[in-house]
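A.B. asks: Take this structure, written in structure tokens, and hold onto it; I'll ask about it next.
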Amino acid sequence: MPPAQVKALTEAFTGFRAALDPNDAWANGRLAVVIRAADAAGWSRRTTASALGISRERLQRIARFPAAARHKMPRHELGSVFPAASVAAFRKHEDEVSLRRTRTEKALVAILRAAHHDAGWPYNILGALVEVSGERLRQIAETPVDVTGEQAPTFDTFTRLVKERPAPREGRKLDEAEVERLRRLADRARTATKSVGKRLGSNPSPEQVRALESALQGRLASEELSALLIGLKEDNVSWPDLDSACGYKPGGARARAIRHGYAQTPPSMSRYTPTQLPGWPQPAAVSQLTDSHSV
């Protein structure tokens, strides 16, 4: 927004806020004209407050401000009535204060409507310029006030700044070797079971050893497949291509990758526990599962 338009908005809001301020020096200075004159003429503040139709607390607050003008008032005498001319003078100053509030409100509402309705400036941005909330400005702008004839500047049309997004990385396709490796690992991973960690005892049968070796190979193939899927996805290969290469239904590759640490595991899915066999396969792998320290 150009500085001239910011200045117009700021001045209008400053005038409106000052007109509503109960401690505004301009308004209280005019209201204090009669009150100060009554004090100087010897009228009690109780009598003055009663004659002017205001509370003593408000009179005390107004009396703290210096009078903006002089007012001639007769001296108080026993049994005298508070001068009607002084009451009329006080009403005149009250009308001036009320008129100022009305004028500043109309001026601000006209500017807000021109900026928001005509030029499209959001209330939160306008509020930041005058250090109030956008909701407060919206309430002021929607006040049922007739602003016909009010002069408001023509604001520049608001243009929302769109943050430039980086161009998405172009997805790459799998080559034949990667497809063949994924399919081979996926077929082998289907034989993986959860019985790898079972103890075989001190004298396992050859069939038990062969079954354990097969289960280990299947489980390690499953872990290798999951790591490969995560790496390929980070290399911008699409999930549908990975599903197709592994022979999975849509979403299968992503579910496997998430379970193996690709992203936060949802509550409905249990996280995978890796096989604790460093260096597998190795000659002593089966013996590690059959001795007293086996997993």
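Residue numbering restarts at 1 in every chain; chains get A, B, ... in the order shown in the structure tokens, and ligands count up from 1 in that same order.
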Pull the alpha helix (DSSP H) assignments for region 23-187 of chain A out of DSSP run on the backbone, and list those residues as a ChimeraX atom specification.

C.D. replies: /A:25-40,45-52,56-63,84-113,123-130,134-141,176-187

A.B. asks: Excluding Leu216 (chain A) and any residue of its chain fewer than 3 positions from it, enumerate the residues within 8 Å of it, using only C-alpha atoms, and give them as a VMD selection string.

C.D. replies: chain A and resid 192 196 212 to 213 219 to 220

A.B. asks: Store the residues picked out above, limited to N, CA and C atoms, as a CSV table (one decimal), in the first residue's frame.

C.D. replies:
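Wrote it out as again-v7.csv, contents follow:
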chain,number,residue,atom,x,y,z
A,192,ALA,N,9.0,-65.3,4.5
A,192,ALA,CA,9.5,-64.9,5.9
A,192,ALA,C,8.5,-65.2,6.9
A,196,VAL,N,11.8,-67.0,13.6
A,196,VAL,CA,13.3,-66.9,13.5
A,196,VAL,C,13.9,-67.0,14.9
A,212,LEU,N,15.0,-73.3,9.9
A,212,LEU,CA,15.5,-72.0,10.5
A,212,LEU,C,16.3,-71.2,9.5
A,213,GLU,N,17.2,-71.9,8.7
A,213,GLU,CA,18.0,-71.2,7.7
A,213,GLU,C,17.1,-70.6,6.7
A,219,ARG,N,13.5,-63.8,6.0
A,219,ARG,CA,13.3,-62.6,6.8
A,219,ARG,C,14.4,-61.5,6.4
A,220,LEU,N,15.6,-62.0,6.1
A,220,LEU,CA,16.6,-61.0,5.7
A,220,LEU,C,16.3,-60.5,4.3

A.B. asks: Could you tell me how far CA of Lys233 (chain A) sits from CA of Arg181 (chain A), in Å to one decimal place?

C.D. replies: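 CA of Lys233 (chain A) lies 15.1 Å from CA of Arg181 (chain A).
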
A.B. asks: Choose the residue, out of A:Leu59, A:Ala211, A:Ala115, A:Ala177, that has the smallest atom-to-atom separation from Thr191 (chain A); count only C-alpha atoms.

C.D. replies: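 Of all the options, A:Ala211 lies closest to Thr191 (chain A).
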
A.B. asks: What's the 8 Å shell around Arg183 (chain A), counting only C-alpha atoms, without same-chain residues fewer than 4 positions away, as a PyMOL selection string?

C.D. replies: chain A and resi 179+187+245-247
